[in-house]
Amino acid sequence: MRIAFYAPLKSPNHPVASGDRQMARMLVKALEHGRHSVELASELRFYLREPDSKSFDALKIEAREEAARLARLWDRDGKPDLWFTYHPYYKAPDLIGPELALAFGVPYVTAEASYSRRRNTGLWADTQALVARAVEQAALNICFTQRDRQGLADAVPDAAFGMLSPFIDTSLFRETPARGCPSRLVTVAMMRPGDKVESYGMLAQALGSIGHLPWTMSVVGDGPAREEIKAQFAGLPADRIKWLGAIEPAAVPDVLYSGGIYVWPGFGEAYGVAYLEAQAAGLPVVAQDIAGVPEVVRAGFLTPPGDVAAFASAIERLLARNDERSIMAAEARRFILEERSIGAAAARLAELLAKIPVS
């Protein structure tokens, strides 16, 4: 099929790395792996950082102009077989695809759409209504987690749903990884206010309680909350923590290979691509049993949300039991390479899209 792909929150070509950009790129690769022709329909970023009506109105005008541009293009060159929107949610609804799809009789599909009733206040109620209408119109809404599916089903019970497990490009990970240092902890996360700061804070507390063990840690990430986050770790020995800052995505596997355990609490994670990458590198994971994290962590420990002592105890156990850690490392690799690869995702997407009638 000829597929028009759109990611209102962040284009696959956006210059700033993030989990959203990475998954958008992976979806394009998976669709192309299935021999579909994928074209980036638009790079218009429809993102509202705050519920500001003036910004919303300005973005709506841009969206109308972009829809008109695409309509002229389709009239000239022909319409696509399918429109595919990645990650529409209350801060980044799709104001281009639904209108065009209806006008041209093109099936409309979403992936990782989300809806949360607690956001239904003020302007966010209006933007969520746009998401709900798009979900209702869609021939298929592809959900990555049961949590997202339930949220959408509660809001739009008659919508069409299908499940696709989060996945990564496993070609970035060597066939046989070099043996890393079992006592080196690794985390990869952006440094921004909110959930990220909360996760870093919990991690710092947990490490402070196991200072008697010979761990070291590599931290990949940067952002506006960098100094606040570093201050959270000020009570720990500085020589134990290596702050690597932001690095190119292609360099992340080598950092993961150097370690033995991946540690990240995961407050607010939709699921967490970094957990998948860590397991692909053979690192068992210590995270919280929270949000969408359980749907991507197969090898390691998931601890009760907010329980710092339990989180620290899980890290301590893996540091103390290298045989158990090694068994989990092998299972982590198997899980990702066999079940969460682009090939596996392409096969699942083929099953899902084959059910959509295309004119």
# chains A, B, ... in the order shown; residues from 1 in each chain; ligands from 1
call {"tool": "residues_around", "arguments": {"residues": "A:Ala274", "least_positions_apart": "3", "cutoff": "7 Å", "atoms": "only C-alpha atoms", "output": "list in words"}}
result
Val188, Glu277 and Ala278 of chain A
call {"tool": "write_last_selection", "arguments": {"atoms": "all heavy atoms", "output": "tab-separated table (two decimals), in the first residue's frame"}}
result
chain	number	residue	atom	x	y	z
A	188	VAL	N	19.29	5.54	30.87
A	188	VAL	CA	19.21	6.43	29.71
A	188	VAL	C	17.89	7.17	29.79
A	188	VAL	O	16.82	6.57	29.64
A	188	VAL	CB	19.29	5.64	28.39
A	188	VAL	CG1	19.21	6.59	27.19
A	188	VAL	CG2	20.55	4.79	28.33
A	277	GLU	N	15.70	-1.44	24.62
A	277	GLU	CA	17.10	-1.40	24.19
A	277	GLU	C	18.01	-2.03	25.24
A	277	GLU	O	18.96	-2.75	24.89
A	277	GLU	CB	17.51	0.03	23.92
A	277	GLU	CG	16.81	0.65	22.72
A	277	GLU	CD	17.25	2.06	22.43
A	277	GLU	OE1	17.65	2.77	23.38
A	277	GLU	OE2	17.20	2.47	21.26
A	278	ALA	N	17.75	-1.76	26.50
A	278	ALA	CA	18.57	-2.33	27.56
A	278	ALA	C	18.52	-3.85	27.53
A	278	ALA	O	19.55	-4.53	27.64
A	278	ALA	CB	18.11	-1.80	28.92
call {"tool": "residues_around", "arguments": {"residues": "A:Met202", "least_positions_apart": "3", "cutoff": "12 Å", "atoms": "only C-alpha atoms", "output": "list of chain:residue names"}}
result
A:Asp195, A:Lys196, A:Val197, A:Glu198, A:Ser199, A:Gln205, A:Ala206, A:Leu207, A:Gly208, A:Ser209, A:Ile229, A:Gln232, A:Phe233, A:Val263, A:Trp264, A:Pro265, A:Gly266, A:Phe267, A:Ala287, A:Gln288, A:Pro305, A:Gly306, A:Asp307, A:Val308, A:Ala309, A:Ala310, A:Phe311, A:Ala312
call {"tool": "residues_around", "arguments": {"residues": "stretch 10-14 of chain A", "least_positions_apart": "3", "cutoff": "8 Å", "atoms": "only C-alpha atoms", "output": "PyMOL selection string"}}
result
chain A and resi 6-7+17+20-22+24-25+43-45
call {"tool": "write_last_selection", "arguments": {"atoms": "N, CA, C and O atoms", "output": "mmCIF file, in the first residue's frame"}}
result
data_model
loop_
_atom_site.group_PDB
_atom_site.id
_atom_site.type_symbol
_atom_site.label_atom_id
_atom_site.label_comp_id
_atom_site.auth_asym_id
_atom_site.auth_seq_id
_atom_site.Cartn_x
_atom_site.Cartn_y
_atom_site.Cartn_z
ATOM 1 N N TYR A 6 1.922 10.433 9.361
ATOM 2 C CA TYR A 6 1.956 11.742 10.031
ATOM 3 C C TYR A 6 2.100 11.555 11.537
ATOM 4 O O TYR A 6 1.426 10.720 12.135
ATOM 5 N N ALA A 7 2.988 12.338 12.145
ATOM 6 C CA ALA A 7 3.185 12.331 13.600
ATOM 7 C C ALA A 7 3.069 13.774 14.084
ATOM 8 O O ALA A 7 4.036 14.539 14.011
ATOM 9 N N ALA A 17 16.186 14.306 19.637
ATOM 10 C CA ALA A 17 15.919 12.893 19.907
ATOM 11 C C ALA A 17 14.926 12.730 21.056
ATOM 12 O O ALA A 17 14.921 13.506 22.008
ATOM 13 N N ASP A 20 9.422 9.448 21.302
ATOM 14 C CA ASP A 20 8.392 9.633 20.282
ATOM 15 C C ASP A 20 9.002 9.627 18.882
ATOM 16 O O ASP A 20 8.480 8.984 17.970
ATOM 17 N N ARG A 21 10.097 10.379 18.712
ATOM 18 C CA ARG A 21 10.736 10.408 17.402
ATOM 19 C C ARG A 21 11.239 9.018 17.020
ATOM 20 O O ARG A 21 11.103 8.579 15.875
ATOM 21 N N GLN A 22 11.799 8.323 18.001
ATOM 22 C CA GLN A 22 12.346 7.001 17.720
ATOM 23 C C GLN A 22 11.260 6.022 17.299
ATOM 24 O O GLN A 22 11.423 5.270 16.334
ATOM 25 N N ALA A 24 8.335 6.751 16.014
ATOM 26 C CA ALA A 24 7.831 7.152 14.697
ATOM 27 C C ALA A 24 8.728 6.579 13.606
ATOM 28 O O ALA A 24 8.244 6.042 12.597
ATOM 29 N N ARG A 25 10.032 6.681 13.801
ATOM 30 C CA ARG A 25 10.969 6.129 12.816
ATOM 31 C C ARG A 25 10.851 4.615 12.714
ATOM 32 O O ARG A 25 10.925 4.038 11.626
ATOM 33 N N GLU A 43 5.187 17.608 7.941
ATOM 34 C CA GLU A 43 6.069 17.808 9.081
ATOM 35 C C GLU A 43 5.553 18.912 9.997
ATOM 36 O O GLU A 43 6.269 19.384 10.875
ATOM 37 N N LEU A 44 4.296 19.317 9.797
ATOM 38 C CA LEU A 44 3.703 20.326 10.670
ATOM 39 C C LEU A 44 3.616 19.773 12.090
ATOM 40 O O LEU A 44 3.014 18.723 12.313
ATOM 41 N N ARG A 45 4.224 20.478 13.036
ATOM 42 C CA ARG A 45 4.158 20.053 14.431
ATOM 43 C C ARG A 45 2.973 20.714 15.111
ATOM 44 O O ARG A 45 2.936 21.933 15.288
#
call {"tool": "residues_around", "arguments": {"residues": "A:Arg2", "least_positions_apart": "2", "cutoff": "10 Å", "atoms": "only C-alpha atoms", "output": "PyMOL selection string"}}
result
chain A and resi 4-5+35-39+79-83
call {"tool": "residues_around", "arguments": {"residues": "A:Leu27", "least_positions_apart": "5", "cutoff": "9 Å", "atoms": "only C-alpha atoms", "output": "PyMOL selection string"}}
result
chain A and resi 22+32+86+167+342+345-346
call {"tool": "write_last_selection", "arguments": {"atoms": "N, CA, C and O atoms", "output": "short mmCIF file (atom, residue, chain, number, x, y, z; two decimals), in the first residue's frame"}}
result
data_model
loop_
_atom_site.label_atom_id
_atom_site.label_comp_id
_atom_site.auth_asym_id
_atom_site.auth_seq_id
_atom_site.Cartn_x
_atom_site.Cartn_y
_atom_site.Cartn_z
N GLN A 22 11.80 8.32 18.00
CA GLN A 22 12.35 7.00 17.72
C GLN A 22 11.26 6.02 17.30
O GLN A 22 11.42 5.27 16.33
N GLU A 32 7.72 -0.21 6.01
CA GLU A 32 8.53 -0.43 4.81
C GLU A 32 9.03 -1.87 4.74
O GLU A 32 9.15 -2.44 3.66
N TYR A 86 0.56 8.72 13.94
CA TYR A 86 1.21 8.20 15.14
C TYR A 86 1.08 9.17 16.31
O TYR A 86 1.41 10.34 16.21
N PHE A 167 8.33 -2.10 20.06
CA PHE A 167 9.44 -2.83 19.46
C PHE A 167 10.59 -1.88 19.18
O PHE A 167 10.46 -0.66 19.29
N ILE A 342 11.81 -5.39 14.56
CA ILE A 342 11.07 -4.78 13.46
C ILE A 342 10.38 -5.86 12.63
O ILE A 342 9.25 -5.68 12.17
N ALA A 345 7.27 -6.84 14.39
CA ALA A 345 6.29 -5.76 14.29
C ALA A 345 5.69 -5.68 12.89
O ALA A 345 4.49 -5.46 12.72
N ALA A 346 6.53 -5.87 11.87
CA ALA A 346 6.05 -5.83 10.49
C ALA A 346 5.02 -6.92 10.24
O ALA A 346 4.01 -6.70 9.57
#
call {"tool": "atom_distance", "arguments": {"atom1": "atom CA of A:Glu66", "atom2": "atom CA of A:Ala92"}}
result
15.5 Å
call {"tool": "closest_residue", "arguments": {"among": "A:Ala238, A:Ile247, A:Val220, A:Met328", "to": "A:Val286", "atoms": "only C-alpha atoms"}}
result
A:Met328
call {"tool": "decode", "arguments": {"residues": "stretch 207-218 of chain A", "atoms": "N, CA, C and O atoms", "output": "PDB file, in the first residue's frame"}}
result
ATOM      1  N   LEU A 207      19.973   4.421  45.503  1.00  0.00           N
ATOM      2  CA  LEU A 207      21.419   4.198  45.480  1.00  0.00           C
ATOM      3  C   LEU A 207      22.061   4.627  46.786  1.00  0.00           C
ATOM      4  O   LEU A 207      23.034   4.007  47.243  1.00  0.00           O
ATOM      5  N   GLY A 208      21.513   5.659  47.403  1.00  0.00           N
ATOM      6  CA  GLY A 208      22.047   6.116  48.686  1.00  0.00           C
ATOM      7  C   GLY A 208      21.934   5.071  49.773  1.00  0.00           C
ATOM      8  O   GLY A 208      22.745   5.047  50.711  1.00  0.00           O
ATOM      9  N   SER A 209      20.958   4.167  49.638  1.00  0.00           N
ATOM     10  CA  SER A 209      20.757   3.143  50.668  1.00  0.00           C
ATOM     11  C   SER A 209      21.587   1.889  50.430  1.00  0.00           C
ATOM     12  O   SER A 209      21.609   0.990  51.278  1.00  0.00           O
ATOM     13  N   ILE A 210      22.251   1.802  49.269  1.00  0.00           N
ATOM     14  CA  ILE A 210      23.088   0.621  48.999  1.00  0.00           C
ATOM     15  C   ILE A 210      24.529   1.053  48.691  1.00  0.00           C
ATOM     16  O   ILE A 210      25.218   0.425  47.874  1.00  0.00           O
ATOM     17  N   GLY A 211      24.940   2.089  49.368  1.00  0.00           N
ATOM     18  CA  GLY A 211      26.293   2.592  49.165  1.00  0.00           C
ATOM     19  C   GLY A 211      27.377   1.633  49.619  1.00  0.00           C
ATOM     20  O   GLY A 211      28.537   1.779  49.235  1.00  0.00           O
ATOM     21  N   HIS A 212      27.000   0.644  50.421  1.00  0.00           N
ATOM     22  CA  HIS A 212      27.981  -0.335  50.902  1.00  0.00           C
ATOM     23  C   HIS A 212      28.379  -1.333  49.815  1.00  0.00           C
ATOM     24  O   HIS A 212      29.349  -2.073  49.981  1.00  0.00           O
ATOM     25  N   LEU A 213      27.626  -1.349  48.711  1.00  0.00           N
ATOM     26  CA  LEU A 213      27.942  -2.257  47.608  1.00  0.00           C
ATOM     27  C   LEU A 213      28.810  -1.547  46.568  1.00  0.00           C
ATOM     28  O   LEU A 213      28.725  -0.328  46.406  1.00  0.00           O
ATOM     29  N   PRO A 214      29.622  -2.295  45.821  1.00  0.00           N
ATOM     30  CA  PRO A 214      30.591  -1.678  44.903  1.00  0.00           C
ATOM     31  C   PRO A 214      30.033  -1.344  43.526  1.00  0.00           C
ATOM     32  O   PRO A 214      30.596  -1.719  42.494  1.00  0.00           O
ATOM     33  N   TRP A 215      28.896  -0.651  43.457  1.00  0.00           N
ATOM     34  CA  TRP A 215      28.314  -0.291  42.171  1.00  0.00           C
ATOM     35  C   TRP A 215      28.925   0.996  41.621  1.00  0.00           C
ATOM     36  O   TRP A 215      29.413   1.848  42.365  1.00  0.00           O
ATOM     37  N   THR A 216      28.879   1.120  40.298  1.00  0.00           N
ATOM     38  CA  THR A 216      29.140   2.388  39.614  1.00  0.00           C
ATOM     39  C   THR A 216      27.982   2.582  38.629  1.00  0.00           C
ATOM     40  O   THR A 216      27.223   1.647  38.371  1.00  0.00           O
ATOM     41  N   MET A 217      27.840   3.783  38.072  1.00  0.00           N
ATOM     42  CA  MET A 217      26.695   4.025  37.191  1.00  0.00           C
ATOM     43  C   MET A 217      27.053   4.960  36.052  1.00  0.00           C
ATOM     44  O   MET A 217      27.767   5.948  36.243  1.00  0.00           O
ATOM     45  N   SER A 218      26.541   4.631  34.860  1.00  0.00           N
ATOM     46  CA  SER A 218      26.640   5.503  33.691  1.00  0.00           C
ATOM     47  C   SER A 218      25.260   6.088  33.418  1.00  0.00           C
ATOM     48  O   SER A 218      24.266   5.345  33.370  1.00  0.00           O
TER      49      SER A 218
END
